[in-house]
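A quick write-up on the structure given underneath.
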Number of protein chains: 2
Amino acid sequence: MNDKFLEKLREKVLPYFEKCNPAHDVSHTDRVLNLALKIGEKENADLEILEVASLLHDVARHEQDDSKGAICHAERGGELAREILKELNYAEDKIEKVVHCIETHRFRKDNSPESIEAKILYDADKLDGIGAIGIGRSFSFAGTSGAAVHIAEVDVDNTEAYGKEDCCYREFLVKLVKIKDKMLTEPGREFARERHEFMVEFFDRINKEVRGEL
Amino acid sequence: MNDKFLEKLREKVLPYFEKCNPAHDVSHTDRVLNLALKIGEKENADLEILEVASLLHDVARHEQDDSKGAICHAERGGELAREILKELNYAEDKIEKVVHCIETHRFRKDNSPESIEAKILYDADKLDGIGAIGIGRSFSFAGTSGAAVHIAEVDVDNTEAYGKEDCCYREFLVKLVKIKDKMLTEPGREFARERHEFMVEFFDRINKEVRGEL
C-alpha cells in the first residue's frame with residue numbers, strides 16, 4: 001500500500017480527535033491499527049483495508065459523545081469515511097469494504113461483522129479496552145467522570161452507580177471481564193485471554209495492596 | 001485502643017475529604033492506615049499513635065489544593081489535628097506525638113520524621129503512590145487533569161509537560177521510580193521494592209501492548 005496515502009489519510013483524520021476524551025483520542029486509533037495489523041497478518045487478511053478502516057473507525061466518536069449517544073459513531077463513521085475516502089479518490093470497491101468494517105465495529109444485532117477485516121477491526125478495538133492499556137484507559141476515564149480510584153467492596157448490582165460510588169474495578173467486574181468471550185477471530189481470542197489474565201492479577205493485587213498485604 | 005474513639009475520630013475527619021480529588025479522598029487515608037499498621041506491627045511501634053496520625057494526616061489536603069500549594073498540608077494538618085484531638089479530650093502528650101507524625105509526613109529538610117511512628121506514616125503514605133494502587137491513582141489523576149492515557153515515547157525532559165503532552169508513564173519515569181529509595185523503615189523498603197517491580201512490569205507490558213505485541 002502507498003505509505004503517502006496513509007500519511008495523508010492520518011493527517012485528514014487527526015482533527016476529528018481533537019475534542020475526544022483521552023480514552024478515545026488518536027492514540028486509541030493508533031493502537032487499534034497496530035493490533036489489527038498483527039491479527040491481520042495471522043489471518044491473511046487484506047492489510048490495506050485494515051489500515052484504512054482502523055484509521056477511520058472512530059472519526060465520529062466525538063459526534064456520539066456530543067450527542068450523548070443519540071448519534072451512533074459506527075453508523076455515522078461509515079458515512080464520514082465514505083466522504084473522506086471519495087475526496088481522496090480511493091477506489092469505490094475498497095471504500096465499501098472499509099465502510100463495512102466501520103459500520104459493524106460496534107456490534108449490534110442488525111449489523112454484525114461479516115468480512116474477516118471487519119471481524120479483526122472489531123477484535124482489535126475491543127482488545128484496546130482490556131489488558132494494561134484497558135486498565136489505564138478505564139482509570140483515566142474514571143478520573144474524568146469523578147469516580148473513586150478503587151472500592152474493593154464495590155456494589156456490582158448498583159447499575160446506577162455514578163461519581164464516588166463508581167470506580168474502574170466496577171467497570172472491570174461488570175463489563176471488561178466479558179470481553180474475552182466476545183472475540184470473533186482466533187488470534188483475537190488468544191490476545192484477549194492473555195490480557196484478561198493480566199487484569200485478574202492486577203485487581204487481585206490491588207485488593208491485597210489496599211488491605212496492606214503487599 | 002478504644003475503638004469507639006477511632007470511630008468518632010473517623011466520623012469527624014470525613015467532611016475534610018468531601019471536596020478532595022479522588023486520588024486523595026478518604027480511601028487513601030484508609031489505605032495508609034492499613035499499611036501503617038502492618039509496618040507498625042513489624043517495627044513494634046505505638047499502634048495507637050499510628051492509627052490516629054494516619055486518620056488525620058491529610059485533613060488539610062483540600063486547603064493545600066484550594067490554595068494552589070500556598071498552604072502546606074502537613075504543617076496546617078498538624079494544627080488542625082491538634083484542634084480536633086483537643087476537642088475530643090485526647091491526652092496532651094499523645095497529641096504531640098501525633099502532630100509530629102503529621103507535620104513531617106511531607107518530607108522537608110527543616111522538618112524530618114524523627115520518631116518511628118513518623119517514619120512509618122511517611123513510608124505508608126509514599127507506598128500508596130506506587131504499586132497497582134499507585135498506577136490507578138496516577139491514571140485517575142491524569143484523567144482529571146486532561147493528560148493522555150499513555151505515550152510510549154513520552155518526553156521526560158519536558159518539565160513543563162501539561163495536558164495532552166503529559167501522561168501517567170511520565171509521572172512514573174520522573175517521580176514514582178524514585179520512591180523506593182526514599183523509604184525510612186526496613187519493612188517500608190521491602191514493600192516499596194516489590195511494588196516498584198510491579199510498576200516496572202506494568203509499564204513494560206503496556207508498551208508491548210501498544211505495539212500490538214501482547
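Every chain in the C-alpha cells has a letter given in the order shown (A, B, ...), and although residue numbers restart at 1 in each chain, ligands are simply numbered from 1 in the order shown.
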Contact table chain A vs chain B, cut-off 7 Å, shortest pair per residue, only C-alpha atoms, as a Markdown table:
```
| residue | atom | partner | partner_atom | distance |
| --- | --- | --- | --- | --- |
| A:Pro22 | CA | B:Ala148 | CA | 5.3 |
| A:Ala23 | CA | B:Val149 | CA | 6.3 |
| A:Arg31 | CA | B:Val210 | CA | 5.4 |
| A:Asn34 | CA | B:Gly212 | CA | 5.1 |
| A:Leu35 | CA | B:Gly212 | CA | 4.5 |
| A:Lys38 | CA | B:Gly212 | CA | 6.4 |
| A:Ala132 | CA | B:Ile206 | CA | 5.3 |
| A:Ile133 | CA | B:Ile206 | CA | 5.7 |
| A:Gly136 | CA | B:Phe139 | CA | 5.9 |
| A:Arg137 | CA | B:Val149 | CA | 6.0 |
| A:Phe139 | CA | B:Ser140 | CA | 4.9 |
| A:Ser140 | CA | B:Gly143 | CA | 4.2 |
| A:Phe141 | CA | B:Gly143 | CA | 6.0 |
| A:Ala142 | CA | B:Ser140 | CA | 6.2 |
| A:Gly143 | CA | B:Ser140 | CA | 4.2 |
| A:Thr144 | CA | B:Thr144 | CA | 4.8 |
| A:Ala148 | CA | B:Pro22 | CA | 5.3 |
| A:Val149 | CA | B:Pro22 | CA | 5.9 |
| A:Phe191 | CA | B:Leu214 | CA | 6.3 |
| A:Phe202 | CA | B:Ala132 | CA | 6.7 |
| A:Arg205 | CA | B:Ala132 | CA | 6.8 |
| A:Ile206 | CA | B:Ala132 | CA | 5.3 |
| A:Val210 | CA | B:Arg31 | CA | 5.4 |
| A:Arg211 | CA | B:Asn34 | CA | 6.0 |
| A:Gly212 | CA | B:Leu35 | CA | 4.5 |
| A:Leu214 | CA | B:Phe191 | CA | 6.3 |
```
Would you write out those residues with C-alpha atoms, as a PDB file, in the first residue's frame?
```
ATOM      1  CA  PRO A  22      -8.223  10.876  26.323  1.00  0.00           C
ATOM      2  CA  ALA A  23      -9.554   7.284  26.365  1.00  0.00           C
ATOM      3  CA  ARG A  31      -3.118   1.121  18.996  1.00  0.00           C
ATOM      4  CA  ASN A  34      -1.134  -1.945  15.381  1.00  0.00           C
ATOM      5  CA  LEU A  35      -3.280  -4.738  16.792  1.00  0.00           C
ATOM      6  CA  LYS A  38      -0.809  -8.158  13.919  1.00  0.00           C
ATOM      7  CA  ALA A 132      -2.741  -2.966  30.965  1.00  0.00           C
ATOM      8  CA  ILE A 133      -3.852  -0.337  28.453  1.00  0.00           C
ATOM      9  CA  GLY A 136      -5.079   2.710  32.122  1.00  0.00           C
ATOM     10  CA  ARG A 137      -7.956   3.894  29.924  1.00  0.00           C
ATOM     11  CA  PHE A 139      -8.794   4.602  35.427  1.00  0.00           C
ATOM     12  CA  SER A 140      -8.275   7.687  33.272  1.00  0.00           C
ATOM     13  CA  PHE A 141     -11.946   7.726  32.247  1.00  0.00           C
ATOM     14  CA  ALA A 142     -12.952   7.217  35.899  1.00  0.00           C
ATOM     15  CA  GLY A 143     -10.872  10.309  36.713  1.00  0.00           C
ATOM     16  CA  THR A 144     -12.660  12.404  34.088  1.00  0.00           C
ATOM     17  CA  ALA A 148     -13.405   6.834  43.005  1.00  0.00           C
ATOM     18  CA  VAL A 149      -9.942   5.351  42.378  1.00  0.00           C
ATOM     19  CA  PHE A 191      -4.719 -11.892  22.838  1.00  0.00           C
ATOM     20  CA  PHE A 202      -3.932  -6.656  38.629  1.00  0.00           C
ATOM     21  CA  ARG A 205      -3.086  -7.405  43.587  1.00  0.00           C
ATOM     22  CA  ILE A 206      -4.716  -4.016  44.125  1.00  0.00           C
ATOM     23  CA  VAL A 210      -5.451  -1.919  49.816  1.00  0.00           C
ATOM     24  CA  ARG A 211      -5.517  -4.305  52.773  1.00  0.00           C
ATOM     25  CA  GLY A 212      -1.817  -3.596  53.408  1.00  0.00           C
ATOM     26  CA  LEU A 214       1.519  -6.161  49.603  1.00  0.00           C
TER      27      LEU A 214
END
```
Next item on the list: Within 9 Å of Ala60 (chain B), counting only C-alpha atoms, which residues show up once you throw out same-chain ones fewer than 6 positions away? Write them as a list in words, please.
Entry: Tyr16, Phe17, Ile71, Cys72, His73, Ala74, Glu75, Arg76, Gly77, Gly78 and Leu80 of chain B
Next item on the list: Assign secondary structure with DSSP using the backbone only, and return the residues of region 7-206 of chain A in strand (DSSP E or B) as a VMD selection string.
Entry: chain A and resid 108 111 148 167
Notebook entry, point to check: By how many Å are CA of Leu184 (chain A) and CA of Asp123 (chain A) apart?
Noted result: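 Computing it gives 6.4 Å between the two atoms.
Minimum distance to His62 (chain A) across A:Cys20, A:Leu50, A:Ala91, A:Ala81 (counting only C-alpha atoms) occurs at A:Cys20.
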Check: What lies within 9 Å of Glu43 (chain A) using only C-alpha atoms, ignoring chain neighbours under 4 positions off, as an NGL selection string?
Finding: :A and (38-39 or 116 or 120 or 185-187)
Go ahead and dump the residues you just picked, N, CA and C atoms, as a compact mmCIF listing (two decimals), in the first residue's frame.
```txt
# COMPACT_ATOMS: atom_id res chain seq x y z
N LYS A 38 -1.36 -6.91 13.37
CA LYS A 38 -0.81 -8.16 13.92
C LYS A 38 -1.79 -9.31 13.69
N ILE A 39 -3.06 -9.07 13.96
CA ILE A 39 -4.06 -10.13 13.77
C ILE A 39 -4.24 -10.39 12.27
N ILE A 116 -13.60 -10.85 7.06
CA ILE A 116 -12.54 -11.12 8.04
C ILE A 116 -11.95 -9.80 8.54
N ILE A 120 -11.72 -8.55 12.41
CA ILE A 120 -10.43 -8.17 13.01
C ILE A 120 -10.50 -6.77 13.62
N THR A 185 -12.18 -13.64 16.18
CA THR A 185 -11.10 -14.36 15.48
C THR A 185 -10.28 -15.13 16.51
N GLU A 186 -9.58 -16.17 16.05
CA GLU A 186 -8.78 -16.97 16.98
C GLU A 186 -7.60 -16.18 17.55
N PRO A 187 -6.84 -15.43 16.72
CA PRO A 187 -5.76 -14.61 17.32
C PRO A 187 -6.32 -13.59 18.31
```
Next item on the list: Could you give me, as a PyMOL selection string, the residues within 10 Å of Thr104 (chain A), counting only C-alpha atoms and dropping anything in the same chain fewer than 2 positions from it?
Entry: chain A and resi 57+74-75+78+99-102+106-115+118-119+121-122
